[in-house]
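Heads up: the structure comes next, in structure tokens.
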Amino acid sequence: MVTGRQFTRRELALDPVELATLLLGAVIESTGPDGTVAVRLVEVEAYRGLDDPASHCYRGRTPRNAVMWGPAGYLYVYFVYGMHFCANVVGTEDGQPGAVLLRAGEVVSGADIAKARRPSARGNGELAKGPAILTSVLGIDRAENGVDLTDPASPVRLFTGERVPEADIRTGPRVGVAMAMDTPWRFWVDGSPAVSTYRRGGKRRAAAPGR
């Protein structure tokens, strides 16, 4: 069951680091042909723009990252490693790039659909553990790039949920990025079984910015 109300665009127009902590405990809900799945977010990563070497926007605006430049409240979906989709909530003011990568969550509605989409999961904690797994459980792919999370008629919607107490929030380096490996802009809910495993990145030859 989804709790809370749908976010407004103004509420999401924040610096990505501030937005990241706001999104912990929020619920993202996606409706597809086979039904609706909702996930409570328990792990996220912040990515700024021109001042963040790990960001997709670090080298400027492109057709790929255009959604990330705002306005806030839209879903930025990208394809990675030739096989996976990752989803981000766009923040900041229009024209100032920044977004928060949705890394992991706990399924709170549509568990049967989620399990059918993720039959290899060993328990509920693994249903949406990791950014590519989260999008697959929600049925999000390239078609959802640019959808408005604040629109009640949107196929993907974002709700306030229940705020996570500050004492339960942990922070550390982002996972697997090629640049700015030690920047502590990954945030997660302490004790959640859905939080993904940390994997340190590193600078790779001819590597593109992370997210």
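Every chain in the structure tokens has a letter given in the order shown (A, B, ...), and although residue numbers restart at 1 in each chain, ligands are simply numbered from 1 in the order shown.
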
Against stretch 193-196 of chain A, which residues of stretch 35-152 of chain A fall within 8 Å? For each one I want the closest pair of atoms and the distance in Å (one decimal), counting only C-alpha atoms, rows by chain and increasing residue number, as a tab-separated table.
residue	atom	partner	partner_atom	distance
A:Val42	CA	A:Val195	CA	6.5
A:Glu43	CA	A:Val195	CA	6.0
A:Arg103	CA	A:Ser196	CA	7.5
A:Ala104	CA	A:Val195	CA	5.9
A:Gly105	CA	A:Ala194	CA	5.9
A:Glu106	CA	A:Ala194	CA	6.2
A:Gly125	CA	A:Ala194	CA	4.6
A:Glu126	CA	A:Ala194	CA	5.9
A:Leu127	CA	A:Ala194	CA	7.8
A:Ala128	CA	A:Ala194	CA	6.7
A:Lys129	CA	A:Ala194	CA	4.9
A:Gly130	CA	A:Ser196	CA	5.4

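Residue nearest A:Thr8, chosen from A:Arg40, A:Arg157, A:His84, A:Arg186 and counting only C-alpha atoms: A:Arg157.
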
Inset, instruction - Using DSSP on the backbone coordinates, identify the residues of stretch 27-137 of chain A assigned to alpha helix (DSSP H); present them as a ChimeraX atom specification. - result: /A:111-117,131-137

Restricted to N, CA and C atoms, what would the selected residues look like written as a PDB file, in the first residue's frame?
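Generated file (result21.pdb):
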ATOM      1  N   ALA A 111       3.627  -7.109  -5.032  1.00  0.00           N
ATOM      2  CA  ALA A 111       4.697  -8.077  -4.799  1.00  0.00           C
ATOM      3  C   ALA A 111       4.631  -9.263  -5.758  1.00  0.00           C
ATOM      4  N   ASP A 112       3.445  -9.719  -6.085  1.00  0.00           N
ATOM      5  CA  ASP A 112       3.315 -10.860  -6.999  1.00  0.00           C
ATOM      6  C   ASP A 112       3.865 -10.516  -8.378  1.00  0.00           C
ATOM      7  N   ILE A 113       3.575  -9.311  -8.844  1.00  0.00           N
ATOM      8  CA  ILE A 113       4.103  -8.876 -10.143  1.00  0.00           C
ATOM      9  C   ILE A 113       5.618  -8.749 -10.066  1.00  0.00           C
ATOM     10  N   ALA A 114       6.107  -8.158  -8.973  1.00  0.00           N
ATOM     11  CA  ALA A 114       7.548  -7.993  -8.799  1.00  0.00           C
ATOM     12  C   ALA A 114       8.267  -9.342  -8.804  1.00  0.00           C
ATOM     13  N   LYS A 115       7.701 -10.325  -8.129  1.00  0.00           N
ATOM     14  CA  LYS A 115       8.318 -11.651  -8.074  1.00  0.00           C
ATOM     15  C   LYS A 115       8.297 -12.324  -9.439  1.00  0.00           C
ATOM     16  N   ALA A 116       7.250 -12.085 -10.210  1.00  0.00           N
ATOM     17  CA  ALA A 116       7.199 -12.653 -11.556  1.00  0.00           C
ATOM     18  C   ALA A 116       8.256 -12.023 -12.463  1.00  0.00           C
ATOM     19  N   ARG A 117       8.557 -10.760 -12.234  1.00  0.00           N
ATOM     20  CA  ARG A 117       9.576 -10.072 -13.023  1.00  0.00           C
ATOM     21  C   ARG A 117      10.980 -10.378 -12.535  1.00  0.00           C
ATOM     22  N   PRO A 131      20.290  -0.800  -8.870  1.00  0.00           N
ATOM     23  CA  PRO A 131      19.570   0.119  -9.769  1.00  0.00           C
ATOM     24  C   PRO A 131      18.946  -0.537 -10.992  1.00  0.00           C
ATOM     25  N   ALA A 132      19.640  -1.492 -11.620  1.00  0.00           N
ATOM     26  CA  ALA A 132      19.078  -2.156 -12.796  1.00  0.00           C
ATOM     27  C   ALA A 132      17.956  -3.113 -12.404  1.00  0.00           C
ATOM     28  N   ILE A 133      18.080  -3.745 -11.248  1.00  0.00           N
ATOM     29  CA  ILE A 133      17.037  -4.647 -10.765  1.00  0.00           C
ATOM     30  C   ILE A 133      15.796  -3.853 -10.393  1.00  0.00           C
ATOM     31  N   LEU A 134      15.995  -2.696  -9.764  1.00  0.00           N
ATOM     32  CA  LEU A 134      14.875  -1.846  -9.379  1.00  0.00           C
ATOM     33  C   LEU A 134      14.044  -1.438 -10.600  1.00  0.00           C
ATOM     34  N   THR A 135      14.721  -1.021 -11.675  1.00  0.00           N
ATOM     35  CA  THR A 135      13.974  -0.613 -12.882  1.00  0.00           C
ATOM     36  C   THR A 135      13.260  -1.800 -13.515  1.00  0.00           C
ATOM     37  N   SER A 136      13.877  -2.978 -13.496  1.00  0.00           N
ATOM     38  CA  SER A 136      13.225  -4.136 -14.107  1.00  0.00           C
ATOM     39  C   SER A 136      11.986  -4.548 -13.328  1.00  0.00           C
ATOM     40  N   VAL A 137      12.052  -4.471 -11.996  1.00  0.00           N
ATOM     41  CA  VAL A 137      10.900  -4.807 -11.164  1.00  0.00           C
ATOM     42  C   VAL A 137       9.764  -3.802 -11.372  1.00  0.00           C
TER      43      VAL A 137
END

Using only C-alpha atoms, which residues of stretch 48-165 of chain A come within 9 Å of stretch 178-183 of chain A, and what is the closest atom pair for each, with the distance in Å to one decimal? Give it as JSON lines, sorted by chain and residue number.
{"residue": "A:Asp52", "atom": "CA", "partner": "A:Ala180", "partner_atom": "CA", "distance": 7.6}
{"residue": "A:Pro53", "atom": "CA", "partner": "A:Met179", "partner_atom": "CA", "distance": 5.8}
{"residue": "A:Ala54", "atom": "CA", "partner": "A:Met179", "partner_atom": "CA", "distance": 5.1}
{"residue": "A:Ser55", "atom": "CA", "partner": "A:Met179", "partner_atom": "CA", "distance": 8.8}

Include all heavy atoms and write out the residues we just selected as a short mmCIF file (atom, residue, chain, number, x, y, z; two decimals), in the first residue's frame.
data_model
loop_
_atom_site.label_atom_id
_atom_site.label_comp_id
_atom_site.auth_asym_id
_atom_site.auth_seq_id
_atom_site.Cartn_x
_atom_site.Cartn_y
_atom_site.Cartn_z
N ASP A 52 30.61 18.02 -11.21
CA ASP A 52 30.67 16.64 -10.73
C ASP A 52 31.23 15.74 -11.83
O ASP A 52 30.52 15.39 -12.79
CB ASP A 52 29.26 16.17 -10.33
CG ASP A 52 29.26 14.76 -9.75
OD1 ASP A 52 30.33 14.13 -9.67
OD2 ASP A 52 28.16 14.29 -9.37
N PRO A 53 32.51 15.35 -11.74
CA PRO A 53 33.13 14.54 -12.80
C PRO A 53 32.45 13.20 -13.04
O PRO A 53 32.64 12.59 -14.09
CB PRO A 53 34.57 14.34 -12.31
CG PRO A 53 34.81 15.44 -11.33
CD PRO A 53 33.48 15.68 -10.68
N ALA A 54 31.67 12.71 -12.07
CA ALA A 54 30.98 11.42 -12.24
C ALA A 54 29.61 11.57 -12.90
O ALA A 54 28.95 10.57 -13.14
CB ALA A 54 30.82 10.76 -10.88
N SER A 55 29.21 12.80 -13.20
CA SER A 55 27.88 13.04 -13.75
C SER A 55 27.85 12.93 -15.26
O SER A 55 28.81 13.28 -15.95
CB SER A 55 27.42 14.45 -13.34
OG SER A 55 26.25 14.82 -14.02
#

Inset, instruction - Would you mind writing down, as a PyMOL selection string, each residue of chain A that DSSP on the backbone assigns to strand (DSSP E or B)? - result: chain A and resi 6+27-32+35-47+74-80+84-90+99-109+129+148+156-159+169-172+186-189
